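Structure record follows, encoded as structure tokens.
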Amino acid sequence: MTAFYQPENLMDALTWQSENTGVIAAGCTDLLAATTAQSLRGAVLDISGLAEIKNISRQEDGAWRIGAGASWADVAAAELPAAFAGLQQAALQVGSTQIQQVATVGGNLCNGSPAADGMVPLRVLGAQVELVSVRGRRRMDLADFVTGPRQTALAPDELMVALHIPAHCAQGKSAFVKLGARKYLVISIAMAAARLVVEDGKITGCALSIGACGPVATRLPAVEQLLTGITSQDAIAGVTDVRVAEHIAPIDDIRADRGYRLQAAGEVLRRAVAQALEATECR
Amino acid sequence: MPVKQTEITLNVNGQRHEIAVDPARRLSVVLRDDLGLRGTKIGCDAGDCGACSVLVAGEPVCSCLMPVAQLRGREVTTVEGLSADGMSNLQAAFLRHGAAQCGICTPGMLVAAEALLTRIPTPDRDQVEQALGGVLCRCTGYKKIIDAVMDAATPRTQAVLPVAGAAVGARLERLDGTAKVVGTEVFGADLVPTETLLVRAVRAPFHAGRFVLGDFTGWGRDKGVTVLTAADIPGQNRYGVIPGFEDQPALAVDRIRFKGEPVALVVGDAAVIEPLDLGGFPVDWQETTPVLTQAQSRATADTPIHAARVGNELITGQVKQGDAPAGLAQAAYVASGTMKTAYVEHAYIEPEAGVAWLEGDVLNIHACTQAPIMDRDATADILGLPRNRLRIRESATGGGFGSKLDVTLQPLIGLAALKTGKPCRMVFSRTESLQTTTKRHPGDMQAQIGVDADGHLCAMAFSGDFNTGAYSSWGPTVANRVPVHASGPYRMPNYHAQATALHSNGPSSGAFRGFGVPQAALLQETLFDDLAQKLGMDRLAFRLKNALQDGDRTVCGQEIYGVGIGTCLEALKQPWQQAQTRVAAFNAAHSDIKRGIGVASCWYGCGNTALPNPSTIRLGIKPDGSLCLHQGATDIGQGANTVIPQICADALGVAIADFTLIGTDTFLTPDCGKTSASRQTYVTGKAAEMAGQALRALILGRANAGPAARICLQDGQLVVEDNGETRRIDPAGLPENEYGYVLMAEETYDPPTRTLDENGQGVPYAVYGYGAQMAEVEVDLRLGTTRVIRITAAHDLGRVINPLLTEGQIEGGIAQGLGMALMEEYIPGRTENLHDYLIPTIGDMPEIDSILIEVPDPEGPMGAKGLGEHVLIPTAPAILNAIRDASGARITQLPALPHRVLRAIQEATT
């Protein structure tokens, strides 16, 4: 039986989902792109009307909450600290303007694509996801949420309702660099984000991430550690291809081969670091 | 499974609609099918093309990606809503700037632009690109679209049409443009008569194998649908575009030769057919190992894909003049190299679509096409119908570029209509279109070119294996065109070129803007840079030195006149010098990013290669004084509906506004051949010129007036002024002929060519067009990415009939050439959508400076030559030469994706 359920509120949505385990539809830019049918089939839970999961707001403790239902256009337009600059740059590069209007942050993550544009800038923000079901509410690191290509920790009766950026991760400045074979509407060959906290010319906080170069977007803890404590002038030299390669597992595909990605990943990451540092300098 | 329908209220273009609909249905389909608002186009159903863009609460979205219930009452604006008060300034700007060519992307572009203009009334170029980045266009090259949006604040004015005698050369808006910008144009998917049945094809899920149909009758009965198979085909289940090469079944029998090949049709009510899971169709598939490349085709020569094509060879073409090996042996310098090109997809934004219905015993087919008469003949043979019982009406065609020359759905919907007696339609999904329609031939080419110590070309040897795919299509044309053109427009005294079309289990390769010549030019023009380097000569000067001139003989031994290549190359001299200075300054200041320039030429014979290809134009005056032009040259965006009347108007000597255009329809328009081979402006234009002159002679004769007399149409009367005397002819008083005309002319023109002998010597074409392009690029040495900054394009048209449309053709050709150079690669079974198969977006386009050259052709109408295919031939080689100039990277495999460029950079520096 086809059913398209549009709940009035989150509680109704969770209740319905616990009984029906339908396909969760928000922006539908992945769901409808993946079918040749002219309608979504089967049981569908449409959460695109739930205002309570769309807000982007600063919490009292300085943390940030991004509603999973916020569109990329919402993210791009939001007033956010400089630590979110990379996320906002990514927001403007998700598909096209048309896609950004409806596609949601949560959908991008739940879709689990290795080339998801949102993953990389959110990884450098230390994002946690908030998952809710009638059984309760839980939080986990984004790193633990996306477990592989098209694989997530989302239980069948759960909804992702928000992302949380801890206060200490909302510090510094960030940048995002996407590499593709054309300007718009392009799936990444490789992408990188960097968030840096610089104090008195020294890097005191560093978060780096690379996407489309492995099953899931990855952080680069060894490189982050190396950069932490050094002067910002020395940062770029620290991001070597060899060091970056230890953290990624690229494959050959139609967009590029593995060998290229091993080189390009380092380069896009260096550019992300350079951009983040540049932003740091012109405060 | 019944779909639960819900009452939904829609607010569209200020109107409220209450409809019962599946809430999860795509908004695009609801707008088109339930509300009849077919101005919104569907190009991919995946958000990849943006053709279906509409505004929801003022913001652009892809309506194909929105379940209708998600609107929740929000206001929707479609293209129809933009012209609620007549034509908007934006729409008028699109017309004025020539931003709508075929028109299929126009609604999406307009809607996306409207959202931008609401925020920013006078946007800059970057803002326009950002706003329109999500809408693909395949034929304009985007430049005129950007110009139009930037100029949308200018109040619209009524376009003024030129007076008598001033049509040719006028920068005229397209005469058929209004419907394209207000959303009323009727493309292949837009005509849906009542009670039309839907047809879908059951298609092979793999590249090669066999199949046995199961109990499809029982399955069909169970589902309530009609199933048609090859056994239902009343005529000959075999077709092809070239006589003698017919090899493709309309519906496959036993054997699968390419992925997506149709094996059966299901026909029935749309509500039943559309959601049907064809995966359950009873058929036993047996997959075998496919042959997908030229090398594999050669390797499996013992077991050819078509038993009669020994060694998998469809055909080999050759041209031989002088003694190439001897010439190379004597050369001071020889450049040798290879070039490998990819399958390239036409990627028009309109997937194939059409509808067939019976009127009495006449089968009507309304579909997008480039070749109505060929559609008629092929379809009639398949369906066992006499020609006079099949009427092909061209729908508006949303891009073709060669692929819509071949029949696709015509025989299938025709069969369904004959069997069911009801109107039957078919609309290819983007995947069906990508899997099953023709492609540009992948080429594996090698060549050697020699020069003497003074820099004169002395010899060239060229050979190429071209992957022609499963069926013949235009493979023979490519095999013949390539050797004729592989020298480029240069003197080449000793020459031997061969091209072989090899079968594979890939999609059939057919016609694509240039018929193999763009592939060959890539190798020839990149080797020319090697030669210039060896000679220590400037690359442009080297080309100029060897450019063909009037009275020279081509590699086919043809003496030619009206040769414009020298003039085109001369025109690039100054831009070339300026670019060199610019590039040197840039490179001195940058280390990781380098700029470079490259140049390449083209020549291209207009019309069929040494084969007849006549066009016939009928022109007549009705008793009411109306002047009708039967224009059967399909306008797929290139502008025949404007250019042909321009030529005809000046030949007849009346104002272009006096024409009523009729066509394209095989029952109404005489044969103007196919829109292909850059032949319409030349061949049909010549027929139009002759028909105009003939009707003029008839009128002047009747008025007893001299050749300089002026003719005009006034209040239903023909007024002839000669030497101050005015004579009036009242058409109402004259007898009508069988077509209902009181005065009529019908003229046929066929290019004078001469058959090529076994060495390819003869007169393959009566007219050639020429061009040269210069590319300025920026290469990121660390990532291997290439940005094309500027293309300067000098093209010799003989006579520019319409500069506005000419520029549009050039810009559009450059976009396709750029795509071919940098990103386009169709991989059978893998890139079956428009996010894996990439074509240039608005943000990938360079600045384009068009330089229009007029070296009159002795044969063409008013001196005119063809242009359509020429424009993309030099683009890719010019870009490759510029990449090498910038980075040292020698690219020998297309597309030049970043990983290939980076590897080539690293090879060049080690």
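We label chains A, B, ... in the order they appear in the structure tokens, count residues from 1 in each chain, and number ligands from 1 in the order shown.
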
Next on the checklist: Tell me as a PyMOL selection string which residues belonging to chain A come within 8 Å of chain B, counting only C-alpha atoms.
Outcome noted: chain A and resi 1-4+27-29+32-34+36-41+46+48-49+95-99+101-102+181-187+254-257+260+264+267

Item to check | Spatial neighbours of Gly279 (chain B), 12 Å, only C-alpha atoms, chain gap at least 3 places, as a PyMOL selection string | outcome: chain B and resi 201-205+275-276+282-285

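For the set A:Ala127, A:Leu80, A:Leu196, A:Val268, the residue with the smallest atom-to-atom gap to Cys213 (chain A) is A:Val268, counting only C-alpha atoms.
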
Next on the checklist: Please determine, counting only C-alpha atoms, which residue among B:Asp375, B:Ala99, B:Arg389, B:Gly733 has the shortest atom-to-atom distance to Asp671 (chain B).
Outcome noted: B:Asp375

Next on the checklist: Could you go through region 70-139 of chain A and tell me which residues DSSP, when run on the backbone, assigns to strand (DSSP E or B), listing them as a list in words?
Outcome noted: Ser71, Thr104, Gln128, Val129, Glu130, Leu131, Val132, Ser133, Gly136, Arg137, Arg138 and Arg139 of chain A

Next on the checklist: Need the shell around Arg135 (chain A): protein/DNA/RNA residues with any atom at most 9 Å away, counting only C-alpha atoms. Skip same-chain ones fewer than 2 positions apart. Format as a PyMOL selection string?
Outcome noted: chain A and resi 18+132-133+137+157-158

Print the selection's residues with C-alpha atoms to a file, as a short mmCIF file (atom, residue, chain, number, x, y, z; two decimals), in the first residue's frame.
```cif
data_model
loop_
_atom_site.label_atom_id
_atom_site.label_comp_id
_atom_site.auth_asym_id
_atom_site.auth_seq_id
_atom_site.Cartn_x
_atom_site.Cartn_y
_atom_site.Cartn_z
CA SER A 18 7.94 3.25 14.48
CA VAL A 132 15.47 10.37 17.79
CA SER A 133 12.90 7.62 17.89
CA ARG A 137 17.16 10.14 21.87
CA ASP A 157 12.57 3.82 13.36
CA GLU A 158 14.93 6.75 13.88
#
```

Next on the checklist: For Leu314 (chain B), find every residue with an atom within 8 Å (counting only C-alpha atoms), except residues of its own chain fewer than 6 positions away, and show them as a PyMOL selection string.
Outcome noted: chain B and resi 468+472+475-476+500-503

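If you look at CA of Ala772 (chain B) and CA of Gln533 (chain B), they are 19.4 Å away from each other.
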
Next on the checklist: Taking 2 positions as the minimum chain separation for residues in the same chain, which residues sit within 8 Å of region 189-193 of chain A when counting only C-alpha atoms? Answer as a PyMOL selection string.
Outcome noted: chain A and resi 86+115+117+120-121+124+174-181+187+195+208-213+255-256+261+264-265+268-269+272-273

Could you save those same residues with C-alpha atoms as a PDB file, in the first residue's frame?
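Everything below was put into part10.pdb:
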```pdb
ATOM      1  CA  GLY A  86      33.940  25.915   5.014  1.00  0.00           C
ATOM      2  CA  ALA A 115      31.278  12.059  -2.116  1.00  0.00           C
ATOM      3  CA  ASP A 117      29.762  17.498   0.161  1.00  0.00           C
ATOM      4  CA  VAL A 120      33.944  17.027   5.033  1.00  0.00           C
ATOM      5  CA  PRO A 121      33.219  20.474   6.492  1.00  0.00           C
ATOM      6  CA  VAL A 124      36.206  19.453  10.862  1.00  0.00           C
ATOM      7  CA  SER A 174      37.645  27.100   8.157  1.00  0.00           C
ATOM      8  CA  ALA A 175      37.713  26.610   4.413  1.00  0.00           C
ATOM      9  CA  PHE A 176      36.446  24.011   1.961  1.00  0.00           C
ATOM     10  CA  VAL A 177      37.924  23.096  -1.416  1.00  0.00           C
ATOM     11  CA  LYS A 178      36.089  20.935  -3.930  1.00  0.00           C
ATOM     12  CA  LEU A 179      37.779  19.495  -6.989  1.00  0.00           C
ATOM     13  CA  GLY A 180      35.639  18.429  -9.935  1.00  0.00           C
ATOM     14  CA  ALA A 181      35.798  18.208 -13.702  1.00  0.00           C
ATOM     15  CA  ILE A 187      30.466  15.221  -8.090  1.00  0.00           C
ATOM     16  CA  ARG A 195      39.607  24.435  10.413  1.00  0.00           C
ATOM     17  CA  LEU A 208      41.408  18.486   8.701  1.00  0.00           C
ATOM     18  CA  SER A 209      39.214  16.303   6.563  1.00  0.00           C
ATOM     19  CA  ILE A 210      39.230  14.772   3.106  1.00  0.00           C
ATOM     20  CA  GLY A 211      36.311  13.332   1.146  1.00  0.00           C
ATOM     21  CA  ALA A 212      35.711  11.331  -2.024  1.00  0.00           C
ATOM     22  CA  CYS A 213      39.005   9.564  -1.406  1.00  0.00           C
ATOM     23  CA  ARG A 255      36.240  10.690 -12.462  1.00  0.00           C
ATOM     24  CA  ALA A 256      39.884   9.951 -11.693  1.00  0.00           C
ATOM     25  CA  ARG A 261      43.615  11.124  -5.978  1.00  0.00           C
ATOM     26  CA  ALA A 264      45.236  15.655  -5.486  1.00  0.00           C
ATOM     27  CA  ALA A 265      44.030  14.970  -1.957  1.00  0.00           C
ATOM     28  CA  VAL A 268      43.305  20.281  -2.101  1.00  0.00           C
ATOM     29  CA  LEU A 269      44.002  19.916   1.578  1.00  0.00           C
ATOM     30  CA  ALA A 272      42.047  24.420   2.244  1.00  0.00           C
ATOM     31  CA  VAL A 273      44.663  25.015   4.930  1.00  0.00           C
TER      32      VAL A 273
END
```

Checklist entry - region 561-573 of chain B: which residues within 9 Å, counting only C-alpha atoms, same-chain residues fewer than 2 positions away excluded, as an NGL selection string? => result :B and (489-490 or 540-541 or 543-552 or 559 or 575-578 or 599 or 601-603 or 767-774 or 792-798 or 851-859 or 863)

Item to check | Selection near region 139-148 of chain B, 7 Å with only C-alpha atoms, sequence-local residues under 4 positions removed, as a ChimeraX atom specification | outcome: /B:93-94,97-99,101,125,128,152,399,808-809,811-812,814-815,842

Output of the above residues as a PDB file, in the first residue's frame, restricted to N, CA and C atoms:
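Final file, result03.pdb:
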```
ATOM      1  N   ALA B  93      14.303  39.818 -24.109  1.00  0.00           N
ATOM      2  CA  ALA B  93      15.770  39.878 -24.182  1.00  0.00           C
ATOM      3  C   ALA B  93      16.324  38.557 -24.698  1.00  0.00           C
ATOM      4  N   PHE B  94      15.697  37.449 -24.304  1.00  0.00           N
ATOM      5  CA  PHE B  94      16.130  36.141 -24.814  1.00  0.00           C
ATOM      6  C   PHE B  94      16.010  36.108 -26.339  1.00  0.00           C
ATOM      7  N   HIS B  97      18.617  38.631 -28.030  1.00  0.00           N
ATOM      8  CA  HIS B  97      20.015  38.191 -27.965  1.00  0.00           C
ATOM      9  C   HIS B  97      20.240  36.817 -28.586  1.00  0.00           C
ATOM     10  N   GLY B  98      19.185  36.192 -29.061  1.00  0.00           N
ATOM     11  CA  GLY B  98      19.358  34.854 -29.624  1.00  0.00           C
ATOM     12  C   GLY B  98      19.662  33.824 -28.556  1.00  0.00           C
ATOM     13  N   ALA B  99      19.127  34.040 -27.347  1.00  0.00           N
ATOM     14  CA  ALA B  99      19.428  33.136 -26.229  1.00  0.00           C
ATOM     15  C   ALA B  99      18.640  31.836 -26.305  1.00  0.00           C
ATOM     16  N   GLN B 101      17.757  28.918 -28.748  1.00  0.00           N
ATOM     17  CA  GLN B 101      18.023  28.317 -30.061  1.00  0.00           C
ATOM     18  C   GLN B 101      17.009  27.203 -30.281  1.00  0.00           C
ATOM     19  N   ARG B 125      28.027  39.237 -14.674  1.00  0.00           N
ATOM     20  CA  ARG B 125      28.176  37.925 -15.284  1.00  0.00           C
ATOM     21  C   ARG B 125      28.304  36.799 -14.239  1.00  0.00           C
ATOM     22  N   VAL B 128      25.013  35.944 -12.792  1.00  0.00           N
ATOM     23  CA  VAL B 128      24.184  35.193 -13.733  1.00  0.00           C
ATOM     24  C   VAL B 128      24.652  33.737 -13.775  1.00  0.00           C
ATOM     25  N   ALA B 152      18.263  42.158 -19.230  1.00  0.00           N
ATOM     26  CA  ALA B 152      16.819  41.977 -19.059  1.00  0.00           C
ATOM     27  C   ALA B 152      16.122  43.217 -18.535  1.00  0.00           C
ATOM     28  N   GLY B 399      17.220  20.039 -29.852  1.00  0.00           N
ATOM     29  CA  GLY B 399      18.608  19.661 -30.088  1.00  0.00           C
ATOM     30  C   GLY B 399      18.681  18.325 -30.800  1.00  0.00           C
ATOM     31  N   GLY B 808      25.574  32.317 -32.520  1.00  0.00           N
ATOM     32  CA  GLY B 808      25.005  31.266 -31.671  1.00  0.00           C
ATOM     33  C   GLY B 808      25.516  29.896 -32.051  1.00  0.00           C
ATOM     34  N   GLN B 809      25.642  29.659 -33.360  1.00  0.00           N
ATOM     35  CA  GLN B 809      26.179  28.373 -33.813  1.00  0.00           C
ATOM     36  C   GLN B 809      27.639  28.221 -33.396  1.00  0.00           C
ATOM     37  N   GLU B 811      29.240  29.708 -30.884  1.00  0.00           N
ATOM     38  CA  GLU B 811      29.365  29.555 -29.428  1.00  0.00           C
ATOM     39  C   GLU B 811      28.926  28.158 -28.986  1.00  0.00           C
ATOM     40  N   GLY B 812      27.855  27.678 -29.596  1.00  0.00           N
ATOM     41  CA  GLY B 812      27.361  26.347 -29.239  1.00  0.00           C
ATOM     42  C   GLY B 812      28.330  25.256 -29.652  1.00  0.00           C
ATOM     43  N   ILE B 814      31.529  25.593 -29.955  1.00  0.00           N
ATOM     44  CA  ILE B 814      32.688  25.682 -29.060  1.00  0.00           C
ATOM     45  C   ILE B 814      32.398  24.979 -27.739  1.00  0.00           C
ATOM     46  N   ALA B 815      31.175  25.150 -27.233  1.00  0.00           N
ATOM     47  CA  ALA B 815      30.823  24.470 -25.979  1.00  0.00           C
ATOM     48  C   ALA B 815      30.954  22.958 -26.137  1.00  0.00           C
ATOM     49  N   ILE B 842      27.290  26.443 -17.496  1.00  0.00           N
ATOM     50  CA  ILE B 842      27.466  27.857 -17.828  1.00  0.00           C
ATOM     51  C   ILE B 842      28.791  28.393 -17.261  1.00  0.00           C
TER      52      ILE B 842
END
```
